[in-house]
Structure formats: structure tokens, C-alpha cells
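Worksheet: the structure to be examined is printed underneath.
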Amino acid sequence: MQGNLSPPITDDVTLSPGDAAAAMRGRHALDKLPGSVFQLLRTVEGHWSLPYAGRELPGLFLSSGAALAADAMVAADHIPPEDVERLKHHLRHSRETGQALQARFRVQPPGGDEIWLEAHAAPEMSFSGGTLWHGFLVDVTADQRIHRELRDLHKRWSLAARAAGIGVLEFDPHAAELSLDAISCQHHGIRAEQLTLPLAQWLEAVVPGDRLVAHAALNSTPLEGFAESLVLRLAATASAPERTLELILQAVPGEARLVGTCRDITQQLMLEALRRDKLAAEQADRSKGEFMSRVSHELRTPLNGILGFVQLMSLDRQHPLPPVHVRRLDVLRQSGTRLLELIDQLLDVSRLDTGALALRPGVVGIGALVDHGVAVVHAHARERGIDIVVQVPDDAPPLQADGHSLQRVLDALLSNAVKYNRTRGRIRIRFESAGHVGRLIVDDTGVGMSGEQLGRLFEPFNRLGAERTGVSGSGLGLVVARKLVRAMGGELEVQSLVGRGSRFQVSLPLAERRRRVSELPPLPSPSPPPPDALPSQWQGQGQGQRAVLYIEDDEVNTLLMEQVFLSQPAWRLTTAANGTDGLQAALEQQPAAILLDLHLPDMSGFDVLERIRADARLRGIPVVAVSADALPEQVRSALASGFDGYWTKPLDLVAIVRDLKRLLSRADEAGAEPDPI
């Protein structure tokens with residue numbers, strides 16, 4: 001307790017005129033202070049009074065100075081009860097210890113806004129044995145509002161940081177300690193709400209390869225205004241795997257401490273790695289698809305010369321070959337055809353693996369599908385005495401599938417059933433439906449397969465020893481078939497016994513019955529047998545030879561087309577080796593038709609077509625694309641660009657002569673004068 005006691009300032013003290021004037025000047029001075037001065041008295045009996053209250057206090061508590069001097073508790077009517085109890089606690093502590101009082105409380109005037117006041121007061125013993133506090137009140141409403149906003153902001157930040165998994169840590173270089181909050185503890189695999197770790201103990205949790213970097217980062221103060229980012233790994237423990245943390249540290253202005261955030265980025269790094277792997281795989285798939293497309297194009301171009309001249313020699317009746325050369329030529333044709341099939345199958349596998357094969361699901365009727373498949377293999381089966389039994393009900397429900405793809409699957413199954421069957425064997429084709437699934441089943445009485453062979457049946461190029469039997473094949477037919485079935489949402493299953501035969505079952509969803517099978521485009525017809533010669537010479541409506549321009553940079557393909565035109569005296573072929581020369585030749589000769597390769601040394605065939613269609617002198621000439629690009633989407637793109645036809649290399653010479661005749665006939669009809677009335 002303080003030893004010097006002074007009497008309270010009261011209005012009832014008798015003062016001399018000089019002292020009264022001095023007291024009045026003192027009051028004026030006190031009233032001008034930035035706050036309200038007061039004296040608070042607590043008697044021994046526990047009565048509270050305000051012997052002196054500054055000018056603002058009576059108005060604040062809606063009481064006169066005399067009323068406050070008589071009973072200070074009238075002011076409590078405008079103070080929230082919890083604040084009154086807190087003030088009493090601080091006053092009791094101040095009275096018992098003699099320490100100065102500092103406390104904040106609220107005042108709620110009737111009909112007014114809440115006011116925050118901060119009290120500062122020093123206690124001393126009064127003459128009567130009570131306690132007298134000398135102090136002043138300061139309006140801290142604005143400061144309290146800022147404090148509340150900061151507290152709310154901190155609360156929101158804490159919630160956001162917790163939701164985002166962001167922890168807070170501090171490093172004190174003098175004490176060599178790190179302080180971690182609850183989230184940082186969680187990232188470190190520690191169960192604690194707040195923790196202080198010695199630097200050496202914290203470094204022990206870091207994997208050895210990152211300790212030196214971590215130690216250097218904590219002991220080098222970042223430049224003011226800059227933050228230092230640190231990524232390090234925590235070693236795996238018995239309860240947690242290895243984790244990767246990201247620390248962002250910044251120096252506290254004017255202090256040596258570092259403050260920063262801590263975030264566990266283990267899962268983020270894993271996701272980024274998976275994303276990179278996915279992008280790399282997609283890029284590899286695209287590269288593989290582009291490579292296979294390019295390989296297909298490059299192989300088809302020389303095959304066009306090989307198979308084209310084989311066709312010419314086979315169909316040439318003016319220079320017939322001896323029988324032995326005919327047989328040799330047939331071997332060439334078969335080998336070239338097998339190579340072409342292999343190229344197509346490799347391209348199909350690549351497109352199916354990369355998802356580039358666009359399927360067009362529709363309603364597929366089973367009857368037409370099976371009839372087409374049987375027609376394809378009928379001749380070969382008859383040569384070997386193999387019976388084909390079809391057990392498909394006339395009212396079999398249709399399947400939901402891509403019609404052309406499903407036809408390829410069935411053709412592959414029937415081809416294998418014939419090739420690997422025994423002489424005078426049997427093939428049975430059945431169809432069953434259960435629930436929403438239809439099953440197309442092909443049984444054969446062939447050599448069958450062991451369990452080991454079945455396990456390797458769908459490995460690309462694995463023919464399971466059939467390459468030693470003399471039966472032709474590539475080992476890709478069933479691979480493509482299963483990929484096609486799965487792409488259509490179905491499954492291809494196999495059962496087989498050695499010496500007994502095999503059963504292949506294609507399961508696909510049934511189509512909705514409200515759609516008619518007739519809505520489907522017609523399935524492709526089996527390829528007709530080759531004719532004995534090229535079609536007869538064409539006699540058009542015009543007089544003299546019809547000029548056709550062929551723009552092609554490959555000399556062999558150009559020579560082949562020239563040989564084809566030698567069989568058609570009514571046609572005259574001119575050639576150009578690039579797009580620039582081709583456009584000039586078209587302007588000079590005004591041909592009846594233009595055959596245009598899509599890959600030219602100076603520009604693409606699409607560029608040439610665009611210039612032809614833009615020129616009024618050329619735009620009416622029919623233009624046919626001639627290309628080794630065999631993908632359906634490439635064909636559709638070319639036709640959509642304005643080509644009047646698309647011939648795929650290797651060329652079917654009989655077909656292109658027929659197509660060209662139809663094209664020139666339509667051109668003549670379009671240019672013919674109208675009949676007189």
C-alpha cells in the first residue's frame with residue numbers, strides 16, 4: 001500500500017478563497033484532458049462512490065455528479081453485467097496488491113451506440129480505511145472496433161488456413177527453436193496443439209539429403225520484403241509415410257525471427273506426377289498414332305506400285321503370261337495383299353489404343369450380319385469341305401453396336417474358324433439373348449487350344465505355333481477383334497479344347513426395340529472376284545480423247561496410272577509432279593477431270609483444291625483425291641473439303657476405271673445442252 005494518503009476531492013470540503021480558486025483552475029485543467037478524470041472510493045463497509053467525476057461522466061451514465069458521489073453503482077445500470085463483474089475482479093486485485101488498474105468495459109447509453117472505455121487508476125488507502133482510486137477514462141471505441149475486426153479477420157484466416165491445410169511456424173535463431181501451431185504439428189506427424197522444438201530435434205525429422213538445405217535456409221535471414229520458399233522431405237516413421245513439406249519464410253521487420261507457413265504438398269506432388277505421366281502417355285499415344293499413320297502412308301505408296309502392276313499383268317490379254325509366271329504373279333498378289341492387311345491391322349490397333357477410332361453405335365440386325373460373314377468365307381470353306389450351320393432365329397433381337405466394326409469381328413472369327421478347322425469339319429453360328437445382352441457364338445471343330453495357349457491368345461503377333469503349319473496370318477486379327485468389341489461396350493470370350501475345337505462368344509447390349517433395323521446404313525458387300533480384264537473402253541458423248549490430269553510426285557505411281565490409261569484409248573493422261581505445275585497445266589489444258597495426290601512437295605493437295613475452287617476457269621472440273629491416307633476420318637475430311645471422290649492406295653485398277661467413267665459421264669450430262677422442245 002502507498003504510504004502517502006491524500007483526502008478525496010469532494011464538494012463539501014471547506015476551502016479558503018485562494019484554495020477555492022486554485023481548485024477551480026485545477027478542475028478546468030482536468031476537464032481539458034483527453035479523457036475523464038475520476039476518483040473511485042470503496043469504504044471498509046463495501047460502499048462504492050465517485051467523490052470526483054469528470055465533466056463527461058454524468059452525461060455518459062445519465063446521472064448527476066451528486067448522485068454518482070453518493071452511489072457509484074448507479075453507473076452500473078449502463079454497464080453490461082459481465083463487464084461489471086470483470087471490473088470488480090480487477091478492482092479487488094488492485095486493492096489487494098496495490099498495483100495500478102487497467103481494464104476495458106462497455107457502456108450502453110439508452111438509445112445510443114455501444115461505447116468502449118478503458119480505465120487507468122492507481123489505488124491508495126483513504127483516511128477512513130477504505131481504498132481510493134485516482135484515474136481517468138479514455139474512449140477506446142474506435143480502437144476496440146479495429147481490434148474486433150482484426151480478431152474476426154484472424155478467425156477467418158484461421159478457418160481458411162485450417163481448411164486449406166496451411167500451418168504457421170516461427171523460428172527463433174537466438175534460442176534455436178521452432179514453434180509450430182496445431183496444423184504444422186499435424187504436418188510433422190505430431191499430435192499437439194502447440195509445440196516448440198529445438199532446431200536439432202527438428203532437423204532429425206528431415207531426411208538426411210535435405211538437412212543441410214533446411215539448416216542453411218533457417219539460418220540465413222531473407223531480404224526485407226522477400227520470402228524464402230523451402231521444399232523438404234520428412235523421413236517416414238512407424239505411424240506415417242515420408243512426407244514433403246513446403247515452408248515459406250519471411251523475416252519479421254526489426255527482429256531476427258522468421259515467421260512463415262507450412263503446407264503438406266505430398267499429395268499435390270503425387271497428383272502433379274500422375275498428371276505429367278498422363279500427359280506423357282497421351283503424347284506417346286499421339287506420337288505412336290502419328291507414327292503408325294505415317295508408316296501406313298509410306299508403305300501403301302510402294303504397295304500401290306507392286307499390287308498395281310500385278311493387277312495390270314494379270315488383266316493384260318494382249319501380252320498373256322505363261323502359266324508358271326501366272327502362278328508366281330499370284331504369289332506376289334497374295335503376299336502384297338497380306339502385307340496390306342497387316343498394315344491395316346497395325347493401324348487399327350494403334351487407333352484403338354489411342355481412342356482415335358470413332359465408332360458409330362446403331363441398331364445392327366443379326367441376320368444380315370451373319371449372311372454377309374458367311375458369304376465372305378463360303379468359297380474357302382467349300383474348298384475344304386467345311387459345313388457352315390447357321391442357327392440364328394429370324395426374330396433375333398438387334399444389337400446396339402457399330403455395324404461395320406461388328407461385321408469385321410464376325411468376319412475375323414469366321415476366317416479363323418475356316419483356317420484352323422479340320423478338312424470336312426463344321427462351323428456353327430448361333431445367337432442367344434438373356435436380359436439386356438445378346439450373344440453371338442461361333443463354334444468350330446478345329447485343332448483347339450490348350451490352357452497355356454488361351455492365356456496368350458490375345459498377345460499381338462503371337463500365333464501360338466500356327467506359323468509352323470503353313471496357315472497364313474499375322475497374329476493381330478483376334479487382337480483387333482477383342483479391342484473392337486470392348487470399344488463397343490461388350491466382351492469377347494473364348495473356350496477351347498485341344499483336338500475338339502473352339503468357341504468364340506461376342507456379348508453386346510441389345511438395342512432398344514423402338515428403333516427399326518432398317519434405319520442402319522447397308523453393310524458392305526463381299527468383294528467380287530477380279531474380272532478377266534479391265535472394263536471395256538468408254539465411249540463418251542464428246543468427240544476425241546478426254547484429257548485427265550494426274551498431279552503426283554511419285555514416279556512409280558505416275559507410271560502405273562499411265563499404263564492404266566493405255567488400256568483406254570478414249571482417254572488421254574497428262575501428269576504434273578507438283579502443285580504449282582499442276583495448276584498451270586490445269587489452266588492450259590482444261591482437263592475433263594483432275595486426279596490429285598494429297599502429299600505434294602510444294603503444297604498439300606488441299607491447298608491445290610482450294611485454288612482450283614477459287615478460280616472460275618477451273619472450279620467446275622471434278623477433282624478426285626488419290627492418297628495413301630486410308631483412315632476413315634481422313635477420307636471424310638477430304639470429301640467435306642470439296643473433293644468429288646477419294647481413291648485409297650493401293651489402287652483397285654478396275655474400280656478406279658469404273659469410277660472415272662461414272663465421273664466423266666456425270667460431267668458430260670451436266671454440260672450437255674438441253675433437248676429442244
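Identifiers for the C-alpha cells are assigned positionally: chains receive A, B, ... in sequence, residues are indexed from 1 per chain, and ligands are indexed from 1 in the order shown.
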
- Spatial neighbours of A:Leu91, max dist 12 Å, only C-alpha atoms, sep filter under 4 positions, as a ChimeraX atom specification: /A:40-42,48,84-87,95-103,119-123,131-133

- Message: Could you go through stretch 208-266 of chain A and tell me which residues DSSP, when run on the backbone, assigns to alpha helix (DSSP H), listing them as a VMD selection string?
- Response: chain A and resid 208 to 218 266

- Query: Using only C-alpha atoms, which of A:Val363, A:Met449, A:Val376, A:Leu271 sits nearest A:Gly501?
  - Reply: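 For A:Gly501, the nearest of the given residues is A:Met449.
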
- Item | Non-local contacts of A:Ala240 (8 Å; only C-alpha atoms; under 3 positions in same chain excluded) as an MDAnalysis selection string | chainID A and resid 189 236:237

Output file for the residues above (C-alpha atoms, as an mmCIF file, in the first residue's frame):
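part-v1.cif was written with the following content:
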```
data_model
loop_
_atom_site.group_PDB
_atom_site.id
_atom_site.type_symbol
_atom_site.label_atom_id
_atom_site.label_comp_id
_atom_site.auth_asym_id
_atom_site.auth_seq_id
_atom_site.Cartn_x
_atom_site.Cartn_y
_atom_site.Cartn_z
ATOM 1 C CA GLY A 189 3.168 -36.159 -37.679
ATOM 2 C CA ALA A 236 8.971 -41.893 -42.760
ATOM 3 C CA THR A 237 8.048 -43.031 -39.254
#
```

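The nearest approach to A:Arg360 among the residues A:Arg327, A:His404, A:Arg382, A:Arg658, with only C-alpha atoms taken into account, belongs to A:His404.
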
When you look at A:Arg613 with a cut-off of 12 Å (counting only C-alpha atoms), what residues show up, excluding the ones that are within fewer than 6 positions of it in the same chain? I need them as a tab-separated table (two decimals) with N, CA, C and O atoms, in the first residue's frame.
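This is the output file selection_17.tsv:
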```tsv
chain	number	residue	atom	x	y	z
A	583	LEU	N	-1.37	-26.81	-111.33
A	583	LEU	CA	-2.32	-25.71	-111.52
A	583	LEU	C	-2.11	-25.06	-112.89
A	583	LEU	O	-3.08	-24.69	-113.57
A	606	PHE	N	-4.87	-30.30	-100.49
A	606	PHE	CA	-5.98	-29.44	-100.05
A	606	PHE	C	-5.74	-28.00	-100.53
A	606	PHE	O	-6.69	-27.31	-100.90
A	607	ASP	N	-4.47	-27.56	-100.49
A	607	ASP	CA	-4.17	-26.22	-101.00
A	607	ASP	C	-4.44	-26.11	-102.50
A	607	ASP	O	-4.97	-25.10	-102.99
A	619	ARG	N	-13.14	-24.18	-111.42
A	619	ARG	CA	-13.94	-24.69	-110.31
A	619	ARG	C	-14.95	-25.76	-110.71
A	619	ARG	O	-15.38	-26.55	-109.87
A	620	GLY	N	-15.31	-25.84	-111.98
A	620	GLY	CA	-16.29	-26.85	-112.38
A	620	GLY	C	-15.68	-28.20	-112.72
A	620	GLY	O	-16.42	-29.16	-113.00
A	621	ILE	N	-14.37	-28.33	-112.69
A	621	ILE	CA	-13.72	-29.60	-113.04
A	621	ILE	C	-13.80	-30.56	-111.86
A	621	ILE	O	-13.44	-30.20	-110.74
A	622	PRO	N	-14.25	-31.80	-112.06
A	622	PRO	CA	-14.26	-32.79	-110.96
A	622	PRO	C	-12.83	-33.09	-110.52
A	622	PRO	O	-11.92	-33.24	-111.34
A	623	VAL	N	-12.63	-33.19	-109.18
A	623	VAL	CA	-11.31	-33.47	-108.62
A	623	VAL	C	-11.43	-34.66	-107.68
A	623	VAL	O	-12.27	-34.67	-106.78
A	641	SER	N	-14.11	-31.32	-97.74
A	641	SER	CA	-13.39	-30.16	-98.26
A	641	SER	C	-13.75	-29.85	-99.71
A	641	SER	O	-13.36	-28.79	-100.22
A	642	GLY	N	-14.44	-30.77	-100.38
A	642	GLY	CA	-14.88	-30.47	-101.74
A	642	GLY	C	-14.37	-31.42	-102.80
A	642	GLY	O	-14.66	-31.21	-104.00
A	643	PHE	N	-13.64	-32.48	-102.42
A	643	PHE	CA	-13.23	-33.47	-103.42
A	643	PHE	C	-14.46	-34.24	-103.91
A	643	PHE	O	-15.39	-34.51	-103.15
A	644	ASP	N	-14.45	-34.61	-105.18
A	644	ASP	CA	-15.57	-35.35	-105.76
A	644	ASP	C	-15.43	-36.86	-105.59
A	644	ASP	O	-16.35	-37.61	-105.91
```

- Tell me which protein, DNA and RNA residues are within 12 Å of A:Phe105, counting only C-alpha atoms, leaving out same-chain ones fewer than 6 positions away, and put them as a list of chain:residue names.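 Close residues of A:Phe105: A:Ala76, A:His78, A:Ile79, A:Pro80, A:Pro81, A:Glu82, A:Asp83, A:Val84, A:Glu85, A:Arg86, A:Leu87, A:Lys88, A:His90, A:Glu114, A:Ile115, A:Trp116, A:Leu117, A:Glu118, A:Ala119, A:His120, A:Leu137, A:Val138, A:Asp139, A:Val140, A:Thr141, A:Gln144.
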
- Message: Restricting the calculation to only C-alpha atoms: of A:Val442, A:Leu660, A:Ile388, A:Ala614, which residue gets closest to A:Tyr646?
- Response: A:Leu660

- Task: Would you mind reading off the distance between atom CA of A:Lys483 and atom CA of A:Pro460, one decimal, in Å?
- Result: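 Interatomic distance here is 11.6 Å.
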
- Query: A:Ile594: which residues within 12 Å, counting only C-alpha atoms, same-chain residues fewer than 4 positions away excluded, as an MDAnalysis selection string?
  - Reply: chainID A and resid 546:552 572:576 579 582:583 585:587 589:590 605 608:609 612 618:626 643:646 660 663:664

Can you spit out the residues from that selection as a short mmCIF file (atom, residue, chain, number, x, y, z; two decimals), in the first residue's frame, using N, CA, C and O atoms?
```cif
data_model
loop_
_atom_site.label_atom_id
_atom_site.label_comp_id
_atom_site.auth_asym_id
_atom_site.auth_seq_id
_atom_site.Cartn_x
_atom_site.Cartn_y
_atom_site.Cartn_z
N ARG A 546 -10.62 -37.67 -124.13
CA ARG A 546 -10.92 -36.85 -122.94
C ARG A 546 -9.64 -36.73 -122.12
O ARG A 546 -9.01 -37.73 -121.76
N ALA A 547 -9.23 -35.52 -121.84
CA ALA A 547 -7.99 -35.27 -121.11
C ALA A 547 -8.23 -35.38 -119.60
O ALA A 547 -9.19 -34.83 -119.06
N VAL A 548 -7.35 -36.10 -118.93
CA VAL A 548 -7.37 -36.23 -117.47
C VAL A 548 -5.99 -35.84 -116.96
O VAL A 548 -4.97 -36.30 -117.47
N LEU A 549 -5.94 -34.97 -115.96
CA LEU A 549 -4.69 -34.50 -115.37
C LEU A 549 -4.42 -35.25 -114.07
O LEU A 549 -5.29 -35.32 -113.19
N TYR A 550 -3.23 -35.82 -113.93
CA TYR A 550 -2.84 -36.53 -112.71
C TYR A 550 -1.66 -35.78 -112.09
O TYR A 550 -0.58 -35.69 -112.66
N ILE A 551 -1.88 -35.20 -110.88
CA ILE A 551 -0.83 -34.46 -110.17
C ILE A 551 -0.27 -35.38 -109.09
O ILE A 551 -0.93 -35.65 -108.09
N GLU A 552 0.94 -35.88 -109.29
CA GLU A 552 1.53 -36.92 -108.44
C GLU A 552 3.05 -36.79 -108.50
O GLU A 552 3.63 -36.64 -109.59
N ARG A 572 -6.90 -39.47 -122.47
CA ARG A 572 -5.52 -39.01 -122.59
C ARG A 572 -5.06 -38.48 -121.24
O ARG A 572 -5.70 -37.60 -120.67
N LEU A 573 -3.96 -39.01 -120.73
CA LEU A 573 -3.46 -38.64 -119.41
C LEU A 573 -2.28 -37.69 -119.54
O LEU A 573 -1.34 -37.93 -120.30
N THR A 574 -2.34 -36.59 -118.82
CA THR A 574 -1.19 -35.71 -118.67
C THR A 574 -0.84 -35.66 -117.18
O THR A 574 -1.71 -35.83 -116.32
N THR A 575 0.42 -35.45 -116.89
CA THR A 575 0.87 -35.51 -115.49
C THR A 575 1.63 -34.26 -115.11
O THR A 575 2.18 -33.54 -115.95
N ALA A 576 1.68 -34.03 -113.80
CA ALA A 576 2.48 -32.95 -113.21
C ALA A 576 3.03 -33.46 -111.89
O ALA A 576 2.35 -34.19 -111.16
N GLY A 579 2.30 -29.23 -107.13
CA GLY A 579 1.08 -28.45 -107.18
C GLY A 579 1.16 -27.26 -108.10
O GLY A 579 0.19 -26.94 -108.82
N GLY A 582 0.95 -28.43 -111.62
CA GLY A 582 -0.38 -28.98 -111.85
C GLY A 582 -1.41 -27.90 -112.11
O GLY A 582 -2.27 -28.02 -112.99
N LEU A 583 -1.37 -26.81 -111.33
CA LEU A 583 -2.32 -25.71 -111.52
C LEU A 583 -2.11 -25.06 -112.89
O LEU A 583 -3.08 -24.69 -113.57
N ALA A 585 -0.86 -26.53 -115.56
CA ALA A 585 -1.35 -27.47 -116.58
C ALA A 585 -2.87 -27.47 -116.65
O ALA A 585 -3.46 -27.56 -117.74
N ALA A 586 -3.52 -27.35 -115.52
CA ALA A 586 -4.99 -27.33 -115.50
C ALA A 586 -5.51 -26.11 -116.25
O ALA A 586 -6.50 -26.18 -116.99
N LEU A 587 -4.88 -24.96 -116.06
CA LEU A 587 -5.32 -23.75 -116.76
C LEU A 587 -5.09 -23.86 -118.26
O LEU A 587 -5.92 -23.41 -119.07
N GLN A 589 -4.76 -26.75 -120.14
CA GLN A 589 -5.39 -27.87 -120.83
C GLN A 589 -6.88 -27.99 -120.57
O GLN A 589 -7.58 -28.67 -121.32
N GLN A 590 -7.38 -27.39 -119.48
CA GLN A 590 -8.79 -27.51 -119.13
C GLN A 590 -9.23 -28.98 -119.18
O GLN A 590 -10.10 -29.37 -119.96
N GLY A 605 -2.40 -31.30 -101.21
CA GLY A 605 -3.50 -31.43 -102.16
C GLY A 605 -4.68 -30.56 -101.78
O GLY A 605 -5.42 -30.08 -102.66
N VAL A 608 -4.07 -27.17 -103.23
CA VAL A 608 -4.32 -27.17 -104.67
C VAL A 608 -5.82 -27.11 -104.95
O VAL A 608 -6.29 -26.34 -105.80
N LEU A 609 -6.58 -27.93 -104.21
CA LEU A 609 -8.04 -27.93 -104.41
C LEU A 609 -8.63 -26.56 -104.11
O LEU A 609 -9.52 -26.08 -104.84
N ILE A 612 -8.10 -24.36 -107.03
CA ILE A 612 -8.94 -24.76 -108.16
C ILE A 612 -10.36 -24.25 -107.97
O ILE A 612 -10.98 -23.68 -108.89
N LEU A 618 -11.61 -23.03 -113.42
CA LEU A 618 -11.32 -24.42 -113.04
C LEU A 618 -12.34 -25.02 -112.08
O LEU A 618 -12.39 -26.25 -111.94
N ARG A 619 -13.14 -24.18 -111.42
CA ARG A 619 -13.94 -24.69 -110.31
C ARG A 619 -14.95 -25.76 -110.71
O ARG A 619 -15.38 -26.55 -109.87
N GLY A 620 -15.31 -25.84 -111.98
CA GLY A 620 -16.29 -26.85 -112.38
C GLY A 620 -15.68 -28.20 -112.72
O GLY A 620 -16.42 -29.16 -113.00
N ILE A 621 -14.37 -28.33 -112.69
CA ILE A 621 -13.72 -29.60 -113.04
C ILE A 621 -13.80 -30.56 -111.86
O ILE A 621 -13.44 -30.20 -110.74
N PRO A 622 -14.25 -31.80 -112.06
CA PRO A 622 -14.26 -32.79 -110.96
C PRO A 622 -12.83 -33.09 -110.52
O PRO A 622 -11.92 -33.24 -111.34
N VAL A 623 -12.63 -33.19 -109.18
CA VAL A 623 -11.31 -33.47 -108.62
C VAL A 623 -11.43 -34.66 -107.68
O VAL A 623 -12.27 -34.67 -106.78
N VAL A 624 -10.58 -35.67 -107.92
CA VAL A 624 -10.57 -36.88 -107.09
C VAL A 624 -9.26 -36.91 -106.31
O VAL A 624 -8.18 -36.75 -106.89
N ALA A 625 -9.34 -37.13 -105.00
CA ALA A 625 -8.15 -37.28 -104.17
C ALA A 625 -7.59 -38.68 -104.35
O ALA A 625 -8.33 -39.67 -104.33
N VAL A 626 -6.29 -38.77 -104.54
CA VAL A 626 -5.59 -40.06 -104.65
C VAL A 626 -4.51 -40.06 -103.57
O VAL A 626 -3.58 -39.27 -103.62
N PHE A 643 -13.64 -32.48 -102.42
CA PHE A 643 -13.23 -33.47 -103.42
C PHE A 643 -14.46 -34.24 -103.91
O PHE A 643 -15.39 -34.51 -103.15
N ASP A 644 -14.45 -34.61 -105.18
CA ASP A 644 -15.57 -35.35 -105.76
C ASP A 644 -15.43 -36.86 -105.59
O ASP A 644 -16.35 -37.61 -105.91
N GLY A 645 -14.31 -37.31 -105.08
CA GLY A 645 -14.08 -38.72 -104.82
C GLY A 645 -12.78 -38.90 -104.07
O GLY A 645 -11.98 -37.96 -103.92
N TYR A 646 -12.54 -40.13 -103.58
CA TYR A 646 -11.33 -40.41 -102.81
C TYR A 646 -10.88 -41.83 -103.15
O TYR A 646 -11.60 -42.80 -102.92
N LEU A 660 -13.99 -43.49 -112.72
CA LEU A 660 -13.68 -42.40 -113.63
C LEU A 660 -14.69 -42.31 -114.76
O LEU A 660 -15.05 -41.22 -115.21
N LEU A 663 -17.68 -40.64 -113.32
CA LEU A 663 -17.41 -39.23 -113.08
C LEU A 663 -17.46 -38.42 -114.39
O LEU A 663 -18.08 -37.35 -114.44
N LEU A 664 -16.88 -38.96 -115.46
CA LEU A 664 -16.90 -38.25 -116.74
C LEU A 664 -18.29 -38.23 -117.34
O LEU A 664 -18.68 -37.26 -118.01
#
```
